[in-house]
>>> print(open('final.cif').read())   # mmCIF, C-alpha atoms and all ligand atoms
data_target
#
loop_
_atom_site.label_atom_id
_atom_site.label_comp_id
_atom_site.auth_asym_id
_atom_site.auth_seq_id
_atom_site.Cartn_x
_atom_site.Cartn_y
_atom_site.Cartn_z
CA MET X 103 32.43 30.81 23.52
CA HIS X 104 33.56 28.58 26.33
CA ILE X 105 34.28 25.01 25.33
CA PRO X 106 34.84 22.34 27.98
CA ASP X 107 38.10 20.35 28.16
CA ILE X 108 37.15 17.77 25.56
CA ILE X 109 39.05 15.48 23.23
CA ILE X 110 38.35 15.82 19.51
CA ALA X 111 39.42 12.99 17.18
CA VAL X 112 39.85 13.66 13.46
CA ASP X 113 40.46 10.58 11.33
CA GLY X 114 40.44 9.91 7.61
CA TYR X 115 42.34 8.93 4.49
CA SER X 116 45.72 10.40 3.58
CA ALA X 117 45.77 14.03 2.45
CA THR X 118 42.15 14.76 3.30
CA GLY X 119 43.34 17.93 5.05
CA LYS X 120 42.99 16.63 8.60
CA SER X 121 45.98 18.49 10.00
CA SER X 122 45.20 21.81 8.27
CA VAL X 123 41.78 22.13 9.85
CA ALA X 124 42.80 20.55 13.17
CA LYS X 125 45.58 23.13 13.59
CA LEU X 126 43.18 26.01 12.95
CA VAL X 127 40.49 24.62 15.28
CA ALA X 128 43.18 24.17 17.96
CA LYS X 129 44.30 27.77 17.55
CA GLN X 130 40.80 29.18 17.54
CA PHE X 131 39.64 27.33 20.66
CA GLY X 132 42.90 27.11 22.63
CA PHE X 133 43.34 23.38 22.22
CA LEU X 134 46.56 21.37 21.97
CA TYR X 135 46.98 19.91 18.48
CA LEU X 136 48.55 16.46 18.28
CA ASP X 137 49.57 15.03 14.90
CA SER X 138 49.69 11.25 15.36
CA GLY X 139 50.91 10.68 11.78
CA ALA X 140 54.00 12.78 12.58
CA LEU X 141 54.99 10.24 15.23
CA TYR X 142 54.67 7.37 12.72
CA ARG X 143 56.67 9.46 10.29
CA GLY X 144 59.30 10.12 12.99
CA VAL X 145 59.70 6.39 13.62
CA THR X 146 60.02 5.85 9.86
CA LEU X 147 62.63 8.60 9.50
CA TYR X 148 64.63 7.08 12.36
CA ALA X 149 64.49 3.65 10.70
CA LEU X 150 65.57 5.06 7.32
CA GLU X 151 68.42 7.13 8.76
CA ASN X 152 69.74 4.23 10.81
CA GLY X 153 69.77 1.61 8.07
CA LEU X 154 66.83 -0.34 9.50
CA ILE X 155 65.00 -0.29 6.16
CA ASP X 156 66.37 -2.07 3.14
CA PRO X 157 64.51 -1.67 -0.16
CA GLU X 158 65.05 -5.39 -0.86
CA LYS X 159 64.77 -6.98 2.57
CA GLY X 160 62.26 -4.57 4.11
CA ILE X 161 62.17 -3.46 7.73
CA ASP X 162 64.53 -4.83 10.39
CA GLU X 163 61.79 -5.22 13.01
CA ALA X 164 63.98 -6.62 15.79
CA ALA X 165 66.38 -3.67 15.62
CA LEU X 166 63.51 -1.19 15.34
CA GLN X 167 61.77 -2.62 18.38
CA GLN X 168 64.96 -2.25 20.39
CA ALA X 169 65.48 1.33 19.19
CA LEU X 170 61.98 2.40 20.23
CA GLY X 171 63.00 1.84 23.85
CA HIS X 172 65.06 5.04 23.70
CA LEU X 173 63.48 6.96 20.80
CA ASP X 174 62.36 10.35 22.06
CA LEU X 175 59.71 11.79 19.72
CA THR X 176 57.70 14.76 20.84
CA PHE X 177 56.12 18.06 19.78
CA ARG X 178 57.16 21.59 20.72
CA ALA X 179 54.88 24.60 20.48
CA GLY X 180 55.55 28.18 19.37
CA ASP X 181 58.25 29.53 17.07
CA GLY X 182 60.44 26.70 15.81
CA GLY X 183 57.79 24.30 17.03
CA GLY X 184 56.77 21.02 15.40
CA THR X 185 57.96 17.46 15.66
CA TYR X 186 61.24 16.73 17.45
CA MET X 187 63.44 13.67 17.65
CA GLY X 188 65.55 14.20 20.75
CA GLY X 189 66.73 17.82 20.42
CA ARG X 190 66.43 17.86 16.62
CA ARG X 191 63.54 19.41 14.71
CA ILE X 192 62.41 16.93 12.05
CA GLU X 193 59.26 18.65 10.78
CA GLU X 194 60.55 18.94 7.18
CA GLU X 195 62.36 15.60 6.97
CA ILE X 196 59.29 13.58 7.95
CA ARG X 197 57.22 14.97 5.04
CA THR X 198 59.33 13.73 2.12
CA LEU X 199 57.97 11.25 -0.41
CA GLU X 200 60.60 8.74 0.76
CA VAL X 201 59.22 8.78 4.32
CA SER X 202 55.66 8.72 2.93
CA SER X 203 56.44 5.62 0.91
CA TRP X 204 57.61 3.66 4.00
CA VAL X 205 55.37 5.03 6.72
CA SER X 206 52.38 2.77 6.07
CA PRO X 207 54.30 -0.53 6.39
CA VAL X 208 56.14 0.82 9.46
CA SER X 209 52.87 1.94 11.07
CA ALA X 210 51.29 -1.48 10.45
CA ILE X 211 53.74 -3.09 12.93
CA PRO X 212 51.91 -3.71 16.23
CA PHE X 213 54.81 -2.65 18.52
CA VAL X 214 55.15 0.61 16.57
CA ARG X 215 51.43 1.29 17.11
CA LYS X 216 51.82 0.57 20.82
CA TYR X 217 54.77 2.99 21.03
CA VAL X 218 52.80 5.78 19.30
CA ASP X 219 49.62 5.14 21.32
CA GLU X 220 51.58 5.46 24.56
CA ARG X 221 53.21 8.70 23.41
CA LEU X 222 49.79 10.12 22.43
CA HIS X 223 48.21 9.23 25.77
CA ALA X 224 51.12 10.82 27.63
CA LEU X 225 50.94 14.00 25.52
CA ALA X 226 47.13 14.25 25.88
CA ARG X 227 46.99 13.61 29.61
CA HIS X 228 45.81 17.15 30.42
CA GLY X 229 42.90 16.96 27.94
CA ARG X 230 41.71 19.85 25.74
CA VAL X 231 43.20 18.20 22.72
CA ILE X 232 42.43 17.84 19.03
CA MET X 233 44.26 14.91 17.50
CA ASP X 234 44.34 13.66 13.92
CA GLY X 235 45.18 10.26 12.45
CA ARG X 236 43.65 7.02 11.24
CA ASP X 237 42.50 5.25 14.39
CA ILE X 238 42.10 7.98 17.00
CA GLY X 239 38.32 7.66 17.31
CA THR X 240 38.34 3.86 17.06
CA THR X 241 41.38 2.75 19.06
CA VAL X 242 43.48 5.49 20.65
CA PHE X 243 40.62 7.48 22.16
CA PRO X 244 37.43 5.46 21.56
CA ASP X 245 35.72 7.69 24.15
CA ALA X 246 36.67 10.95 22.40
CA ASP X 247 33.94 13.57 22.90
CA ILE X 248 33.72 14.54 19.25
CA LYS X 249 34.76 12.35 16.32
CA VAL X 250 35.09 13.49 12.74
CA PHE X 251 35.93 11.30 9.73
CA LYS X 252 37.27 13.26 6.76
CA VAL X 253 36.98 12.25 3.12
CA ALA X 254 37.82 14.06 -0.14
CA SER X 255 38.12 13.10 -3.81
CA ASP X 256 41.33 11.42 -5.01
CA GLU X 257 41.96 14.28 -7.38
CA ILE X 258 41.86 17.00 -4.76
CA ARG X 259 43.91 14.95 -2.31
CA ALA X 260 46.66 14.33 -4.88
CA LYS X 261 46.65 17.98 -5.89
CA ARG X 262 47.04 19.16 -2.28
CA ARG X 263 49.87 16.74 -1.49
CA TYR X 264 51.60 17.55 -4.80
CA ASN X 265 51.50 21.28 -4.06
CA GLU X 266 52.86 20.70 -0.56
CA LEU X 267 55.81 18.70 -1.88
CA VAL X 268 56.58 21.20 -4.64
CA ALA X 269 56.47 24.07 -2.11
CA LYS X 270 59.11 22.18 -0.15
CA GLY X 271 61.41 21.88 -3.15
CA GLU X 272 60.67 18.28 -4.12
CA ALA X 273 59.88 17.46 -7.75
CA PRO X 274 57.42 14.57 -7.70
CA THR X 275 55.11 13.62 -10.55
CA MET X 276 51.37 13.78 -9.94
CA GLU X 277 51.20 10.05 -10.78
CA ALA X 278 53.76 9.21 -8.06
CA VAL X 279 51.86 11.25 -5.50
CA LEU X 280 48.51 9.66 -6.37
CA LYS X 281 50.07 6.18 -6.38
CA ASN X 282 51.52 6.77 -2.91
CA LEU X 283 48.16 8.00 -1.58
CA LYS X 284 46.31 4.99 -2.94
CA GLU X 285 48.90 2.55 -1.64
CA ARG X 286 48.71 4.13 1.80
CA ASP X 287 44.88 4.11 1.75
CA TYR X 288 45.01 0.40 0.99
CA ILE X 289 47.63 -0.56 3.60
CA ASP X 290 46.12 1.73 6.26
CA SER X 291 42.63 0.30 5.84
CA HIS X 292 43.61 -3.36 5.42
CA ARG X 293 46.20 -3.85 8.17
CA GLU X 294 45.38 -6.19 11.03
CA THR X 295 46.06 -3.83 13.93
CA SER X 296 43.58 -0.95 14.22
CA PRO X 297 42.89 -0.39 10.51
CA LEU X 298 41.57 2.90 9.24
CA ARG X 299 37.80 2.92 9.44
CA ARG X 300 35.08 5.32 10.44
CA ALA X 301 33.96 5.05 14.06
CA GLU X 302 30.21 4.46 14.17
CA ASP X 303 29.70 7.68 16.11
CA ALA X 304 31.91 9.84 13.87
CA PHE X 305 30.52 12.70 11.79
CA VAL X 306 31.60 12.48 8.16
CA MET X 307 33.03 15.59 6.54
CA ASP X 308 33.59 15.64 2.78
CA ASP X 309 35.83 18.64 2.18
CA THR X 310 36.31 18.22 -1.58
CA ASP X 311 34.56 21.51 -2.28
CA MET X 312 35.13 23.29 1.02
CA THR X 313 37.53 26.08 1.87
CA LEU X 314 39.55 25.84 5.07
CA HIS X 315 37.47 28.64 6.55
CA GLU X 316 34.27 26.72 5.82
CA GLU X 317 35.76 23.67 7.49
CA VAL X 318 36.55 25.60 10.67
CA VAL X 319 33.01 27.00 10.72
CA TRP X 320 31.68 23.45 10.27
CA PHE X 321 33.67 22.28 13.33
CA GLU X 322 32.48 25.27 15.31
CA GLY X 323 28.87 24.40 14.47
CA LEU X 324 29.42 20.81 15.55
CA ILE X 325 30.91 21.87 18.89
CA ARG X 326 28.27 24.51 19.55
CA GLY X 327 25.51 22.07 18.68
CA LYS X 328 26.84 19.36 20.93
CA TYR X 329 27.39 21.58 23.95
CA GLY X 330 24.39 23.83 23.45
CA ILE X 331 26.50 26.97 23.17
CA LEU X 332 24.29 29.53 21.51
CA GLU X 333 26.16 32.84 21.68
O1 LIG C 1 48.52 11.62 8.54
P1 LIG C 1 49.81 11.24 7.84
O2 LIG C 1 49.71 11.14 6.35
O3 LIG C 1 50.95 12.12 8.26
O4 LIG C 1 50.14 9.77 8.38
C1 LIG C 1 51.23 9.04 7.92
C2 LIG C 1 50.97 7.55 8.03
O5 LIG C 1 50.94 7.16 9.40
C3 LIG C 1 49.69 7.04 7.41
O6 LIG C 1 49.85 6.62 6.08
C4 LIG C 1 49.31 5.87 8.28
C5 LIG C 1 49.98 6.15 9.58
N1 LIG C 1 49.05 6.55 10.64
C6 LIG C 1 48.39 5.56 11.30
O7 LIG C 1 48.51 4.39 10.95
N2 LIG C 1 47.59 5.86 12.35
C7 LIG C 1 47.43 7.13 12.75
N3 LIG C 1 46.65 7.40 13.81
C8 LIG C 1 48.08 8.17 12.06
C9 LIG C 1 48.89 7.85 10.98
#
>>> encode(input="final.cif", output="structure tokens", more="lines below")
Ligand code: DC
Amino acid sequence: MHIPDIIIAVDGYSATGKSSVAKLVAKQFGFLYLDSGALYRGVTLYALENGLIDPEKGIDEAALQQALGHLDLTFRAGDGGGTYMGGRRIEEEIRTLEVSSWVSPVSAIPFVRKYVDERLHALARHGRVIMDGRDIGTTVFPDADIKVFKVASDEIRAKRRYNELVAKGEAPTMEAVLKNLKERDYIDSHRETSPLRRAEDAFVMDDTDMTLHEEVVWFEGLIRGKYGILE
């Protein structure tokens, strides 16, 4: 089926499986997948590695703002693809529980949001993009052609994130994972600058009891329905 060069925004709470389905939809329809959370995670990793975060004193915002002037975060496709900081692949490092526990406060800083928004607009300039995050359909691309807001039960979200971390060799407790998810939900939806919320024109998808395949079929139905593609 031929799909026009549209922008699809997928927003929702942490660990609702936004990236898993977005990646598959991108592959199936020949879209570019952009993971906005990975950019916030990249900024957080940079801050942690460069001593700009102190567990007692918090984030050194002045130093971080200066660093963003030359921080080169981007995505590469294909084998060895993923998120890059300069020439270094950081796909694994940005998914640790340590980065997860600082990413929400870092992403609540307005100049960090501006930095990420600009990167996303530059990366999406050719269109035909599916992007996931918290504020894509409300702030980054309020005119996105299709908007989806994902939700899932706390239990399934914690289970998914726990399994991901264990597969990567970390040894978190389920309680720590759930606590991190809830803290991030709270910070992400209560911050002043572009908080997480459903865009009025977003379709809600509750994937608690859905398989990934069912989710892809759901997206396909949405796209076909919107563009009147019957075959
Ligand atoms: O999708 P994720 O869990 O990788 O995102 C990590 C954090 O980044 C999330 O807790 C909040 C922040 N984020 C955001 O504020 N806005 C986005 N568009 C994407 C992520």
>>> residues_near_ligand(input="final.cif", ligand="ligand LIG 1 (chain C)", cutoff="8 Å", atoms="only C-alpha atoms and all ligand atoms", output="NGL selection string")
:X and (113 or 115-117 or 120-121 or 137-143 or 197 or 202 or 205-206 or 209-210 or 215 or 234-238 or 242 or 283 or 286-287 or 289-290 or 296-298)
>>> write_last_selection(input="final.cif", atoms="C-alpha atoms", output="PDB file, keeping the file's coordinate frame")
ATOM      1  CA  ASP X 113      40.460  10.580  11.330  1.00  0.00           C
ATOM      2  CA  TYR X 115      42.340   8.930   4.490  1.00  0.00           C
ATOM      3  CA  SER X 116      45.720  10.400   3.580  1.00  0.00           C
ATOM      4  CA  ALA X 117      45.770  14.030   2.450  1.00  0.00           C
ATOM      5  CA  LYS X 120      42.990  16.630   8.600  1.00  0.00           C
ATOM      6  CA  SER X 121      45.980  18.490  10.000  1.00  0.00           C
ATOM      7  CA  ASP X 137      49.570  15.030  14.900  1.00  0.00           C
ATOM      8  CA  SER X 138      49.690  11.250  15.360  1.00  0.00           C
ATOM      9  CA  GLY X 139      50.910  10.680  11.780  1.00  0.00           C
ATOM     10  CA  ALA X 140      54.000  12.780  12.580  1.00  0.00           C
ATOM     11  CA  LEU X 141      54.990  10.240  15.230  1.00  0.00           C
ATOM     12  CA  TYR X 142      54.670   7.370  12.720  1.00  0.00           C
ATOM     13  CA  ARG X 143      56.670   9.460  10.290  1.00  0.00           C
ATOM     14  CA  ARG X 197      57.220  14.970   5.040  1.00  0.00           C
ATOM     15  CA  SER X 202      55.660   8.720   2.930  1.00  0.00           C
ATOM     16  CA  VAL X 205      55.370   5.030   6.720  1.00  0.00           C
ATOM     17  CA  SER X 206      52.380   2.770   6.070  1.00  0.00           C
ATOM     18  CA  SER X 209      52.870   1.940  11.070  1.00  0.00           C
ATOM     19  CA  ALA X 210      51.290  -1.480  10.450  1.00  0.00           C
ATOM     20  CA  ARG X 215      51.430   1.290  17.110  1.00  0.00           C
ATOM     21  CA  ASP X 234      44.340  13.660  13.920  1.00  0.00           C
ATOM     22  CA  GLY X 235      45.180  10.260  12.450  1.00  0.00           C
ATOM     23  CA  ARG X 236      43.650   7.020  11.240  1.00  0.00           C
ATOM     24  CA  ASP X 237      42.500   5.250  14.390  1.00  0.00           C
ATOM     25  CA  ILE X 238      42.100   7.980  17.000  1.00  0.00           C
ATOM     26  CA  VAL X 242      43.480   5.490  20.650  1.00  0.00           C
ATOM     27  CA  LEU X 283      48.160   8.000  -1.580  1.00  0.00           C
ATOM     28  CA  ARG X 286      48.710   4.130   1.800  1.00  0.00           C
ATOM     29  CA  ASP X 287      44.880   4.110   1.750  1.00  0.00           C
ATOM     30  CA  ILE X 289      47.630  -0.560   3.600  1.00  0.00           C
ATOM     31  CA  ASP X 290      46.120   1.730   6.260  1.00  0.00           C
ATOM     32  CA  SER X 296      43.580  -0.950  14.220  1.00  0.00           C
ATOM     33  CA  PRO X 297      42.890  -0.390  10.510  1.00  0.00           C
ATOM     34  CA  LEU X 298      41.570   2.900   9.240  1.00  0.00           C
TER      35      LEU X 298
END
>>> residues_around(input="final.cif", residues="Ala226 of chain X", least_positions_apart="6", cutoff="12 Å", atoms="all atoms listed in the file", output="list in words")
Asp107, Ile108, Ile109, Ile110, Ala111, Phe133, Leu134, Tyr135, Leu136, Asp137, Ser138, Thr176, Phe177, Asp219, Glu220, Ile232, Met233, Ile238, Val242, Phe243 and Ala246 of chain X
>>> closest_residue(input="final.cif", among="X:His104, X:Arg293, X:Arg300, X:Arg326", to="Pro244 of chain X", atoms="all atoms listed in the file")
X:Arg300
>>> residues_around(input="final.cif", residues="Leu267 of chain X", least_positions_apart="2", cutoff="12 Å", atoms="only C-alpha atoms", output="ChimeraX atom specification")
/X:117,194-200,202,260-265,269-276,278-279
>>> closest_residue(input="final.cif", among="X:Asp303, X:Gly229, X:Trp204, X:Glu317", to="Pro157 of chain X", atoms="only C-alpha atoms")
X:Trp204
>>> atom_distance(input="final.cif", atom1="atom CA of Phe131 of chain X", atom2="atom CA of Gly144 of chain X")
27.2 Å
>>> atom_distance(input="final.cif", atom1="atom CA of Leu173 of chain X", atom2="atom CA of Ser122 of chain X")
26.7 Å
>>> residues_around(input="final.cif", residues="segment 162-172 of chain X", least_positions_apart="4", cutoff="10 Å", atoms="only C-alpha atoms", output="count of residues only")
16
>>> atom_distance(input="final.cif", atom1="atom CA of Ala224 of chain X", atom2="atom CA of Ile161 of chain X")
26.9 Å
>>> decode(input="final.cif", residues="segment 163-177 of chain X", atoms="all heavy atoms", output="CSV table (one decimal), in the first residue's frame")
chain,number,residue,atom,x,y,z
X,163,GLU,N,23.3,23.4,35.8
X,163,GLU,CA,22.6,23.8,34.6
X,163,GLU,C,23.4,24.7,33.7
X,163,GLU,O,23.4,24.7,32.5
X,163,GLU,CB,21.2,24.5,34.9
X,163,GLU,CG,20.2,23.5,35.6
X,163,GLU,CD,18.8,24.0,35.5
X,163,GLU,OE1,18.5,25.0,34.8
X,163,GLU,OE2,18.0,23.4,36.3
X,164,ALA,N,24.2,25.6,34.3
X,164,ALA,CA,25.0,26.6,33.6
X,164,ALA,C,26.0,25.8,32.7
X,164,ALA,O,26.1,26.1,31.5
X,164,ALA,CB,25.7,27.6,34.5
X,165,ALA,N,26.7,24.8,33.3
X,165,ALA,CA,27.7,24.1,32.5
X,165,ALA,C,27.0,23.2,31.5
X,165,ALA,O,27.5,23.1,30.3
X,165,ALA,CB,28.5,23.2,33.5
X,166,LEU,N,25.8,22.7,31.8
X,166,LEU,CA,25.1,21.9,30.8
X,166,LEU,C,24.7,22.7,29.6
X,166,LEU,O,24.8,22.3,28.4
X,166,LEU,CB,23.9,21.2,31.4
X,166,LEU,CG,23.1,20.2,30.5
X,166,LEU,CD1,24.0,19.1,30.0
X,166,LEU,CD2,21.9,19.6,31.3
X,167,GLN,N,24.2,23.9,29.9
X,167,GLN,CA,23.7,24.8,28.8
X,167,GLN,C,24.9,25.1,27.8
X,167,GLN,O,24.7,25.1,26.6
X,167,GLN,CB,23.1,26.1,29.3
X,167,GLN,CG,22.5,26.9,28.3
X,167,GLN,CD,21.6,28.0,28.8
X,167,GLN,OE1,21.6,28.3,30.0
X,167,GLN,NE2,20.7,28.4,27.9
X,168,GLN,N,26.0,25.3,28.4
X,168,GLN,CA,27.2,25.6,27.6
X,168,GLN,C,27.6,24.4,26.8
X,168,GLN,O,27.9,24.5,25.6
X,168,GLN,CB,28.4,26.0,28.5
X,168,GLN,CG,29.3,27.0,27.9
X,168,GLN,CD,30.3,27.5,28.9
X,168,GLN,OE1,30.5,26.9,29.9
X,168,GLN,NE2,30.9,28.6,28.6
X,169,ALA,N,27.6,23.2,27.4
X,169,ALA,CA,28.0,22.0,26.7
X,169,ALA,C,27.1,21.7,25.5
X,169,ALA,O,27.5,21.2,24.5
X,169,ALA,CB,28.0,20.8,27.7
X,170,LEU,N,25.8,22.0,25.6
X,170,LEU,CA,24.9,21.7,24.5
X,170,LEU,C,25.2,22.4,23.2
X,170,LEU,O,24.9,21.9,22.2
X,170,LEU,CB,23.4,22.0,24.9
X,170,LEU,CG,22.8,21.2,26.0
X,170,LEU,CD1,21.3,21.5,26.2
X,170,LEU,CD2,23.0,19.7,25.8
X,171,GLY,N,26.0,23.5,23.3
X,171,GLY,CA,26.4,24.2,22.1
X,171,GLY,C,27.2,23.4,21.2
X,171,GLY,O,27.2,23.6,20.0
X,172,HIS,N,27.9,22.4,21.8
X,172,HIS,CA,28.8,21.5,20.9
X,172,HIS,C,28.5,20.0,21.1
X,172,HIS,O,29.2,19.2,20.7
X,172,HIS,CB,30.3,21.8,21.2
X,172,HIS,CG,30.6,21.7,22.6
X,172,HIS,ND1,30.9,20.5,23.2
X,172,HIS,CD2,30.8,22.7,23.5
X,172,HIS,CE1,31.2,20.7,24.5
X,172,HIS,NE2,31.1,22.0,24.7
X,173,LEU,N,27.3,19.7,21.7
X,173,LEU,CA,27.0,18.3,21.9
X,173,LEU,C,26.3,17.7,20.6
X,173,LEU,O,25.3,18.2,20.2
X,173,LEU,CB,26.0,18.1,23.1
X,173,LEU,CG,25.7,16.7,23.4
X,173,LEU,CD1,26.9,15.8,23.7
X,173,LEU,CD2,24.7,16.6,24.6
X,174,ASP,N,27.0,16.8,20.0
X,174,ASP,CA,26.5,16.2,18.7
X,174,ASP,C,25.8,14.9,18.9
X,174,ASP,O,26.5,13.8,19.0
X,174,ASP,CB,27.7,16.1,17.8
X,174,ASP,CG,27.3,15.4,16.5
X,174,ASP,OD1,26.2,15.5,16.1
X,174,ASP,OD2,28.2,14.8,15.8
X,175,LEU,N,24.5,14.9,19.1
X,175,LEU,CA,23.7,13.7,19.3
X,175,LEU,C,23.0,13.4,18.0
X,175,LEU,O,22.3,14.3,17.4
X,175,LEU,CB,22.7,13.8,20.4
X,175,LEU,CG,23.3,13.9,21.8
X,175,LEU,CD1,22.1,14.1,22.8
X,175,LEU,CD2,24.0,12.5,22.2
X,176,THR,N,23.0,12.2,17.5
X,176,THR,CA,22.3,11.9,16.3
X,176,THR,C,22.0,10.4,16.2
X,176,THR,O,22.3,9.6,17.1
X,176,THR,CB,23.1,12.3,15.0
X,176,THR,OG1,22.2,12.3,13.9
X,176,THR,CG2,24.3,11.5,14.8
X,177,PHE,N,21.3,10.0,15.2
X,177,PHE,CA,21.0,8.5,15.0
X,177,PHE,C,21.7,8.1,13.7
X,177,PHE,O,21.8,8.8,12.7
X,177,PHE,CB,19.5,8.3,14.8
X,177,PHE,CG,18.7,8.8,16.0
X,177,PHE,CD1,17.9,9.9,15.9
X,177,PHE,CD2,18.8,8.1,17.2
X,177,PHE,CE1,17.2,10.4,17.0
X,177,PHE,CE2,18.0,8.6,18.3
X,177,PHE,CZ,17.2,9.7,18.2
